[in-house]
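A.B. asks: This is the structure I have questions about; it appears just below.
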Amino acid sequence: MSFKQKFGKYLFNTSASYSYNQSDLNFSTETNQTESGKIELLNDGNYINFKAVVDRKINKISALLRRI
């Protein structure tokens with residue numbers, strides 16, 4: 001999701017995102033067609049990202065950015 005708002009000469013942009021990942025991995029070693037060393041790994045991940053930027057135009061050709 002994102003949000004954009006102008007405050008006088010300043011433009012405020014903010015955004016956030018969320019993702020979830022689940023991995024079910026199986027590892028093993030094979031030697032001479034014989035499988036051994038089975039390892040199972042279940043991994044869950046929650047990821048959150050947030051960003052905010054304040055932008056102000058200077059002389060209509062450049063911008064000064066401040067990231068929070």
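The chains in the structure tokens are called A, B, ... from first to last as shown; in each chain the residues are counted from 1, and the ligands are counted from 1 in the order shown.
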Considering only C-alpha atoms, return as a ChimeraX atom specification whatever protein or nucleic-acid residues lie within 6 Å of segment 10-26 of chain A, sequence-local ones (same chain, fewer than 3 positions apart) excluded.
C.D. replies: /A:1-7,39-56
A.B. asks: May I have the residues from that selection written out with N, CA, C and O atoms, as an mmCIF file, in the first residue's frame?
C.D. replies:
```
data_model
loop_
_atom_site.group_PDB
_atom_site.id
_atom_site.type_symbol
_atom_site.label_atom_id
_atom_site.label_comp_id
_atom_site.auth_asym_id
_atom_site.auth_seq_id
_atom_site.Cartn_x
_atom_site.Cartn_y
_atom_site.Cartn_z
ATOM 1 N N MET A 1 0.838 -1.154 0.000
ATOM 2 C CA MET A 1 0.000 0.000 0.000
ATOM 3 C C MET A 1 0.888 1.223 0.000
ATOM 4 O O MET A 1 2.045 1.162 0.431
ATOM 5 N N SER A 2 0.358 2.323 -0.473
ATOM 6 C CA SER A 2 1.148 3.547 -0.516
ATOM 7 C C SER A 2 0.260 4.757 -0.249
ATOM 8 O O SER A 2 -0.963 4.687 -0.365
ATOM 9 N N PHE A 3 0.903 5.865 0.109
ATOM 10 C CA PHE A 3 0.209 7.106 0.415
ATOM 11 C C PHE A 3 1.057 8.266 -0.095
ATOM 12 O O PHE A 3 2.276 8.272 0.068
ATOM 13 N N LYS A 4 0.407 9.238 -0.724
ATOM 14 C CA LYS A 4 1.101 10.425 -1.242
ATOM 15 C C LYS A 4 0.273 11.647 -0.859
ATOM 16 O O LYS A 4 -0.933 11.680 -1.083
ATOM 17 N N GLN A 5 0.943 12.667 -0.282
ATOM 18 C CA GLN A 5 0.245 13.883 0.125
ATOM 19 C C GLN A 5 1.169 15.082 -0.056
ATOM 20 O O GLN A 5 2.350 15.008 0.268
ATOM 21 N N LYS A 6 0.626 16.168 -0.556
ATOM 22 C CA LYS A 6 1.398 17.387 -0.726
ATOM 23 C C LYS A 6 1.095 18.327 0.439
ATOM 24 O O LYS A 6 -0.056 18.545 0.786
ATOM 25 N N PHE A 7 2.176 18.870 1.060
ATOM 26 C CA PHE A 7 2.072 19.827 2.154
ATOM 27 C C PHE A 7 2.818 21.084 1.729
ATOM 28 O O PHE A 7 4.035 21.186 1.918
ATOM 29 N N ILE A 39 17.646 -34.958 5.219
ATOM 30 C CA ILE A 39 17.419 -33.799 6.084
ATOM 31 C C ILE A 39 16.178 -33.080 5.566
ATOM 32 O O ILE A 39 16.091 -32.754 4.385
ATOM 33 N N GLU A 40 15.217 -32.833 6.445
ATOM 34 C CA GLU A 40 14.020 -32.073 6.090
ATOM 35 C C GLU A 40 14.073 -30.729 6.801
ATOM 36 O O GLU A 40 14.392 -30.658 7.985
ATOM 37 N N LEU A 41 13.762 -29.672 6.073
ATOM 38 C CA LEU A 41 13.826 -28.323 6.620
ATOM 39 C C LEU A 41 12.543 -27.584 6.261
ATOM 40 O O LEU A 41 12.219 -27.431 5.081
ATOM 41 N N LEU A 42 11.805 -27.148 7.267
ATOM 42 C CA LEU A 42 10.599 -26.347 7.065
ATOM 43 C C LEU A 42 10.916 -24.928 7.537
ATOM 44 O O LEU A 42 11.312 -24.726 8.687
ATOM 45 N N ASN A 43 10.745 -23.968 6.650
ATOM 46 C CA ASN A 43 11.122 -22.598 6.941
ATOM 47 C C ASN A 43 9.938 -21.675 6.666
ATOM 48 O O ASN A 43 9.371 -21.699 5.576
ATOM 49 N N ASP A 44 9.548 -20.874 7.646
ATOM 50 C CA ASP A 44 8.497 -19.870 7.489
ATOM 51 C C ASP A 44 9.124 -18.487 7.608
ATOM 52 O O ASP A 44 9.973 -18.263 8.464
ATOM 53 N N GLY A 45 8.682 -17.563 6.767
ATOM 54 C CA GLY A 45 9.226 -16.211 6.826
ATOM 55 C C GLY A 45 8.150 -15.155 6.687
ATOM 56 O O GLY A 45 7.289 -15.259 5.808
ATOM 57 N N ASN A 46 8.165 -14.165 7.568
ATOM 58 C CA ASN A 46 7.302 -12.995 7.499
ATOM 59 C C ASN A 46 8.192 -11.787 7.245
ATOM 60 O O ASN A 46 9.155 -11.563 7.978
ATOM 61 N N TYR A 47 7.871 -11.012 6.222
ATOM 62 C CA TYR A 47 8.704 -9.870 5.841
ATOM 63 C C TYR A 47 7.847 -8.609 5.776
ATOM 64 O O TYR A 47 6.807 -8.586 5.115
ATOM 65 N N ILE A 48 8.300 -7.556 6.450
ATOM 66 C CA ILE A 48 7.602 -6.275 6.452
ATOM 67 C C ILE A 48 8.587 -5.208 5.988
ATOM 68 O O ILE A 48 9.730 -5.159 6.452
ATOM 69 N N ASN A 49 8.138 -4.349 5.078
ATOM 70 C CA ASN A 49 8.975 -3.276 4.556
ATOM 71 C C ASN A 49 8.194 -1.964 4.645
ATOM 72 O O ASN A 49 7.022 -1.911 4.301
ATOM 73 N N PHE A 50 8.857 -0.893 5.102
ATOM 74 C CA PHE A 50 8.236 0.422 5.216
ATOM 75 C C PHE A 50 9.214 1.474 4.711
ATOM 76 O O PHE A 50 10.408 1.400 4.981
ATOM 77 N N LYS A 51 8.692 2.450 3.987
ATOM 78 C CA LYS A 51 9.546 3.509 3.439
ATOM 79 C C LYS A 51 8.781 4.829 3.474
ATOM 80 O O LYS A 51 7.586 4.873 3.179
ATOM 81 N N ALA A 52 9.489 5.913 3.804
ATOM 82 C CA ALA A 52 8.913 7.255 3.784
ATOM 83 C C ALA A 52 9.917 8.210 3.141
ATOM 84 O O ALA A 52 11.109 8.149 3.438
ATOM 85 N N VAL A 53 9.424 9.078 2.247
ATOM 86 C CA VAL A 53 10.286 10.032 1.542
ATOM 87 C C VAL A 53 9.611 11.411 1.564
ATOM 88 O O VAL A 53 8.422 11.533 1.281
ATOM 89 N N VAL A 54 10.400 12.448 1.905
ATOM 90 C CA VAL A 54 9.954 13.838 1.826
ATOM 91 C C VAL A 54 10.709 14.480 0.677
ATOM 92 O O VAL A 54 11.937 14.417 0.613
ATOM 93 N N ASP A 55 9.976 15.102 -0.233
ATOM 94 C CA ASP A 55 10.548 15.652 -1.464
ATOM 95 C C ASP A 55 10.170 17.127 -1.568
ATOM 96 O O ASP A 55 9.017 17.494 -1.330
ATOM 97 N N ARG A 56 11.151 17.965 -1.924
ATOM 98 C CA ARG A 56 10.884 19.385 -2.155
ATOM 99 C C ARG A 56 11.630 19.819 -3.402
ATOM 100 O O ARG A 56 12.836 19.638 -3.512
#
```
A.B. asks: Leaving out Gly37 of chain A and any residue of its chain fewer than 5 positions from it, which residues lie within 12 Å of it when counting only C-alpha atoms, given as an MDAnalysis selection string?
C.D. replies: chainID A and resid 26:31
